[in-house]
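upload_33.cif (mmCIF, C-alpha atoms) appears below.
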```cif
data_work
loop_
_atom_site.label_atom_id
_atom_site.label_comp_id
_atom_site.auth_asym_id
_atom_site.auth_seq_id
_atom_site.Cartn_x
_atom_site.Cartn_y
_atom_site.Cartn_z
CA MET A 1 0.00 0.00 0.00
CA ALA A 2 1.36 3.46 -0.98
CA MET A 3 2.28 5.78 1.86
CA GLY A 4 2.02 9.60 1.93
CA ARG A 5 0.38 12.00 -0.49
CA PRO A 6 0.23 11.04 -4.17
CA LYS A 7 2.74 12.87 -6.37
CA ALA A 8 1.47 15.37 -8.93
CA VAL A 9 1.97 14.12 -12.47
CA LEU A 10 5.03 15.60 -14.12
CA VAL A 11 4.81 15.67 -17.94
CA LEU A 12 7.45 17.31 -20.13
CA ASP A 13 6.91 18.44 -23.69
CA ALA A 14 9.75 18.04 -26.23
CA GLU A 15 11.00 21.63 -25.86
CA LEU A 16 11.05 21.50 -22.06
CA ARG A 17 12.78 18.10 -22.08
CA GLU A 18 15.44 19.42 -24.46
CA GLN A 19 16.04 22.45 -22.23
CA LEU A 20 16.37 20.27 -19.12
CA GLU A 21 18.68 17.81 -20.88
CA SER A 22 20.88 20.75 -21.92
CA LEU A 23 21.09 21.84 -18.26
CA ALA A 24 21.68 18.29 -17.01
CA ASN A 25 24.54 17.67 -19.47
CA SER A 26 26.27 21.01 -18.95
CA ARG A 27 29.84 21.06 -17.66
CA SER A 28 29.94 24.80 -17.06
CA LEU A 29 26.76 25.43 -15.05
CA PRO A 30 26.69 25.17 -11.24
CA ALA A 31 26.52 21.57 -9.99
CA GLY A 32 23.34 22.27 -8.01
CA LEU A 33 21.46 23.40 -11.12
CA VAL A 34 22.67 20.35 -13.07
CA ARG A 35 21.48 18.03 -10.27
CA ARG A 36 18.06 19.73 -10.15
CA ALA A 37 17.60 19.26 -13.90
CA LYS A 38 18.48 15.57 -13.49
CA ILE A 39 15.94 15.28 -10.66
CA ILE A 40 13.16 16.59 -12.93
CA LEU A 41 14.17 14.38 -15.86
CA LEU A 42 14.25 11.25 -13.68
CA SER A 43 10.97 12.21 -12.07
CA ALA A 44 9.35 12.66 -15.49
CA SER A 45 10.60 9.20 -16.48
CA GLY A 46 8.46 7.71 -13.68
CA LYS A 47 11.04 7.09 -10.95
CA THR A 48 10.07 7.60 -7.31
CA ASN A 49 11.63 10.20 -5.05
CA VAL A 50 13.45 7.44 -3.13
CA GLU A 51 14.96 5.98 -6.32
CA ILE A 52 16.02 9.40 -7.56
CA ALA A 53 17.54 10.29 -4.18
CA ARG A 54 19.52 7.04 -4.16
CA GLN A 55 20.71 7.47 -7.76
CA LEU A 56 21.80 11.10 -7.31
CA GLU A 57 23.10 10.60 -3.75
CA THR A 58 20.83 13.18 -2.17
CA SER A 59 17.85 13.12 0.21
CA LYS A 60 14.27 12.42 -0.85
CA VAL A 61 13.27 15.70 0.84
CA THR A 62 15.56 17.53 -1.61
CA VAL A 63 14.07 15.62 -4.55
CA SER A 64 10.54 16.46 -3.39
CA LEU A 65 11.41 20.13 -2.85
CA TRP A 66 12.79 20.66 -6.38
CA ARG A 67 10.05 18.60 -7.98
CA CYS A 68 7.36 20.76 -6.32
CA ARG A 69 9.19 23.96 -7.16
CA PHE A 70 9.45 22.90 -10.81
CA LEU A 71 5.71 22.16 -10.92
CA ARG A 72 4.99 25.67 -9.54
CA GLN A 73 7.57 27.77 -11.41
CA GLY A 74 8.89 25.73 -14.33
CA VAL A 75 12.58 25.78 -15.32
CA SER A 76 13.13 29.20 -13.75
CA GLY A 77 12.29 27.63 -10.36
CA LEU A 78 15.41 25.45 -10.60
CA TYR A 79 17.74 28.46 -10.43
CA ASP A 80 18.95 29.75 -7.08
CA GLU A 81 16.95 32.63 -5.67
CA LEU A 82 18.72 35.80 -4.64
CA ARG A 83 19.62 35.57 -0.99
CA PRO A 84 19.40 38.51 1.35
CA GLY A 85 22.78 39.89 2.23
CA ARG A 86 24.54 43.03 3.24
CA PRO A 87 23.19 46.04 1.34
CA ARG A 88 25.49 47.74 -1.14
CA PRO A 89 27.64 50.36 0.60
CA ILE A 90 27.33 52.82 -2.30
CA SER A 91 24.07 54.01 -3.88
CA ASP A 92 23.32 54.17 -7.59
CA GLU A 93 23.33 57.96 -7.40
CA ARG A 94 26.86 58.04 -5.95
CA VAL A 95 28.04 55.61 -8.64
CA ALA A 96 26.55 57.89 -11.31
CA GLN A 97 28.23 60.95 -9.73
CA LEU A 98 31.60 59.17 -9.69
CA VAL A 99 31.27 58.13 -13.35
CA ARG A 100 30.22 61.66 -14.38
CA LYS A 101 33.13 63.21 -12.45
CA THR A 102 35.57 60.78 -14.07
CA LEU A 103 34.35 61.55 -17.58
CA LYS A 104 33.48 65.25 -17.40
CA THR A 105 36.10 66.80 -15.09
CA LYS A 106 39.86 66.86 -14.59
CA PRO A 107 41.91 67.17 -11.39
CA LYS A 108 43.50 70.54 -10.62
CA ALA A 109 47.06 69.42 -11.32
CA GLY A 110 46.63 66.81 -14.02
CA THR A 111 45.11 65.75 -17.32
CA HIS A 112 43.09 62.82 -15.98
CA TRP A 113 41.95 61.25 -12.72
CA SER A 114 43.84 58.47 -11.02
CA ILE A 115 42.06 56.03 -8.71
CA ARG A 116 43.72 57.54 -5.63
CA GLN A 117 42.93 61.12 -6.62
CA ILE A 118 39.25 60.56 -7.32
CA ALA A 119 38.90 58.38 -4.21
CA ASP A 120 40.28 61.21 -2.06
CA GLU A 121 38.11 63.77 -3.86
CA THR A 122 34.83 61.84 -3.59
CA GLY A 123 35.31 60.02 -0.28
CA VAL A 124 34.84 56.61 -1.93
CA SER A 125 37.38 53.87 -1.21
CA LYS A 126 40.06 53.09 -3.81
CA SER A 127 38.84 49.51 -4.23
CA THR A 128 35.27 50.72 -4.86
CA VAL A 129 36.49 53.25 -7.45
CA HIS A 130 38.49 50.47 -9.12
CA ARG A 131 35.44 48.15 -9.24
CA ILE A 132 33.21 50.91 -10.66
CA TRP A 133 35.77 51.85 -13.31
CA GLN A 134 36.10 48.21 -14.30
CA ALA A 135 32.32 47.75 -14.47
CA PHE A 136 31.94 50.78 -16.76
CA GLY A 137 35.15 50.17 -18.73
CA LEU A 138 36.64 53.50 -17.69
CA GLN A 139 40.36 54.07 -18.31
CA PRO A 140 41.03 57.81 -17.97
CA HIS A 141 44.77 57.29 -18.49
CA ARG A 142 44.03 56.10 -22.03
CA GLN A 143 42.74 59.20 -23.76
CA LYS A 144 40.87 58.58 -26.98
CA GLN A 145 41.63 61.80 -28.78
CA PHE A 146 43.91 63.04 -31.53
CA LYS A 147 46.38 65.76 -30.59
CA LEU A 148 47.65 68.19 -33.22
CA SER A 149 51.14 69.59 -33.14
CA SER A 150 51.66 73.25 -32.22
CA ASP A 151 54.44 73.49 -34.84
CA PRO A 152 53.70 76.51 -37.11
CA PHE A 153 54.93 74.52 -40.16
CA PHE A 154 52.87 71.42 -39.26
CA VAL A 155 50.65 71.53 -42.38
CA GLU A 156 53.62 71.91 -44.75
CA LYS A 157 55.44 68.99 -43.09
CA VAL A 158 52.35 66.78 -43.32
CA ARG A 159 52.03 67.63 -47.04
CA ASP A 160 55.69 66.71 -47.62
CA ILE A 161 55.38 63.38 -45.81
CA VAL A 162 52.03 62.41 -47.33
CA GLY A 163 53.39 63.46 -50.74
CA LEU A 164 56.21 60.92 -50.35
CA TYR A 165 53.65 58.14 -49.81
CA LEU A 166 51.35 59.24 -52.63
CA ASN A 167 54.07 59.99 -55.16
CA PRO A 168 57.38 58.37 -54.10
CA PRO A 169 60.55 58.98 -56.15
CA GLU A 170 61.23 56.32 -58.77
CA ASN A 171 63.01 53.18 -57.45
CA ALA A 172 62.76 54.50 -53.88
CA VAL A 173 61.53 52.77 -50.75
CA VAL A 174 59.62 55.00 -48.35
CA LEU A 175 59.71 53.92 -44.71
CA CYS A 176 58.10 55.51 -41.69
CA VAL A 177 59.54 55.22 -38.19
CA ASP A 178 57.41 56.62 -35.41
CA GLU A 179 58.69 57.22 -31.91
CA LYS A 180 56.03 56.67 -29.27
CA SER A 181 57.17 58.37 -26.10
CA GLY A 182 54.78 56.35 -23.91
CA ILE A 183 56.39 53.04 -24.79
CA GLN A 184 60.08 53.87 -25.08
CA ALA A 185 62.48 51.44 -23.50
CA LEU A 186 64.14 54.07 -21.32
CA GLU A 187 65.71 51.44 -19.12
CA ARG A 188 66.55 47.88 -20.03
CA THR A 189 64.46 45.29 -18.23
CA GLN A 190 67.30 42.75 -18.45
CA ALA A 191 71.01 43.19 -17.86
CA ASP A 192 73.27 43.51 -20.89
CA VAL A 193 74.82 40.24 -21.97
CA ALA A 194 78.53 40.31 -22.67
CA ALA A 195 79.35 39.56 -26.30
CA GLY A 196 81.30 36.42 -27.03
CA LEU A 197 84.84 36.41 -28.50
CA GLY A 198 84.97 37.82 -32.00
CA LEU A 199 81.44 39.32 -31.80
CA CYS A 200 80.51 42.99 -31.83
#
```
Output the file's structure in the form of structure tokens.
Amino acid sequence: MAMGRPKAVLVLDAELREQLESLANSRSLPAGLVRRAKIILLSASGKTNVEIARQLETSKVTVSLWRCRFLRQGVSGLYDELRPGRPRPISDERVAQLVRKTLKTKPKAGTHWSIRQIADETGVSKSTVHRIWQAFGLQPHRQKQFKLSSDPFFVEKVRDIVGLYLNPPENAVVLCVDEKSGIQALERTQADVAAGLGLC
């Protein structure tokens, strides 16, 4: 004779079964979610809670819980719910102010904000500023703008150089070497190696 309440019938259509099988076979999703998908698939195949619990090495209470939650909420019920925790220490408005200040203003003695400078200015911790900048992809030290030379003969020099590319002298090779001051090797990262005998 059967004991306890009768289980509600669990029927899966082809689309739902395919979705659950995708979850159950995943190697990148959290293990708990994979196990819950397996619980539902085994339950739909007609196995009892006890059999499923034994096969998946869990308790029948756990099997029953996820089975009921699936019947109430569908696949979305298998995902973890947000748990209450410590509230965020910084409000959305303060985040917006920090982002605006980073993008729209400059420090008194500089061309762009550093994490330390803006942290001191706004009263937000350095680690929080760093996290916000990362979240919004902010990199004030990498300016995305083109700077023109203040040389009075700049235009004439550009015409000469571009003219070489557009109309090079016959049988000539035109090369361009550009010095980028930001990436110069001002100091060697490795010690000089002494040349062997007979080598320059």
Requested in this report: One decimal, Å: what's the distance from CA of Ile40 in chain A over to CA of Arg67 in chain A, could you say?
Outcome: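 A separation of 6.2 Å between them.
Those DNA, RNA and protein residues that approach the point (14.7, 19.3, -11.8) to within 9 Å, considering all atoms listed in the file, are Leu20, Ala24, Leu33, Val34, Arg35, Arg36, Ala37, Lys38, Ile39, Ile40, Leu41, Leu42, Ser43, Val63, Trp66, Arg67, Arg69, Phe70, Val75, Gly77 and Leu78 of chain A.
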Save the residues we just selected, C-alpha atoms, as a tab-separated table (two decimals), in the coordinates of the input?
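Output (out15.tsv):
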```tsv
chain	number	residue	atom	x	y	z
A	20	LEU	CA	16.37	20.27	-19.12
A	24	ALA	CA	21.68	18.29	-17.01
A	33	LEU	CA	21.46	23.40	-11.12
A	34	VAL	CA	22.67	20.35	-13.07
A	35	ARG	CA	21.48	18.03	-10.27
A	36	ARG	CA	18.06	19.73	-10.15
A	37	ALA	CA	17.60	19.26	-13.90
A	38	LYS	CA	18.48	15.57	-13.49
A	39	ILE	CA	15.94	15.28	-10.66
A	40	ILE	CA	13.16	16.59	-12.93
A	41	LEU	CA	14.17	14.38	-15.86
A	42	LEU	CA	14.25	11.25	-13.68
A	43	SER	CA	10.97	12.21	-12.07
A	63	VAL	CA	14.07	15.62	-4.55
A	66	TRP	CA	12.79	20.66	-6.38
A	67	ARG	CA	10.05	18.60	-7.98
A	69	ARG	CA	9.19	23.96	-7.16
A	70	PHE	CA	9.45	22.90	-10.81
A	75	VAL	CA	12.58	25.78	-15.32
A	77	GLY	CA	12.29	27.63	-10.36
A	78	LEU	CA	15.41	25.45	-10.60
```
Produce a table with one row for each residue of range 105-141 of chain A that has an atom at most 12 Å from any atom of range 79-97 of chain A, each row naming the nearest atom pair and its distance in Å at one decimal; use only C-alpha atoms; arrange rows by chain and rising residue number; format as a Markdown table.
```
| residue | atom | partner | partner_atom | distance |
| --- | --- | --- | --- | --- |
| A:Thr105 | CA | A:Gln97 | CA | 11.2 |
| A:Ile118 | CA | A:Gln97 | CA | 11.3 |
| A:Glu121 | CA | A:Gln97 | CA | 11.8 |
| A:Thr122 | CA | A:Gln97 | CA | 9.1 |
| A:Gly123 | CA | A:Arg94 | CA | 10.4 |
| A:Val124 | CA | A:Ile90 | CA | 8.4 |
| A:Ser125 | CA | A:Ile90 | CA | 10.2 |
| A:Thr128 | CA | A:Ile90 | CA | 8.6 |
| A:Val129 | CA | A:Val95 | CA | 8.9 |
| A:His130 | CA | A:Val95 | CA | 11.7 |
| A:Arg131 | CA | A:Val95 | CA | 10.5 |
| A:Ile132 | CA | A:Val95 | CA | 7.3 |
| A:Trp133 | CA | A:Val95 | CA | 9.8 |
| A:Ala135 | CA | A:Val95 | CA | 10.7 |
| A:Phe136 | CA | A:Val95 | CA | 10.2 |
```
Report summary line: Pairwise distance, CA of Lys108 in chain A with CA of Asp120 in chain A, equals 13.1 Å
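Of note, CA of Ser45 in chain A and CA of Ser59 in chain A are spaced 18.6 Å apart.
Using only C-alpha atoms, the protein and nucleic acid residues lying no more than 10 Å from Ile161 in chain A, apart from those fewer than 6 places from it along its own chain, are Pro168, Val174 and Cys176 of chain A.
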Would you compute an axis-aligned box for range 62-77 of chain A, covering every atom listed for it in the file with 6 Å of margin on each side, and report centre and edge lengths in Å to one decimal as AutoDock Vina command-line options?
```
--center_x 10.3 --center_y 22.4 --center_z -8.5 --size_x 22.6 --size_y 25.6 --size_z 25.7
```
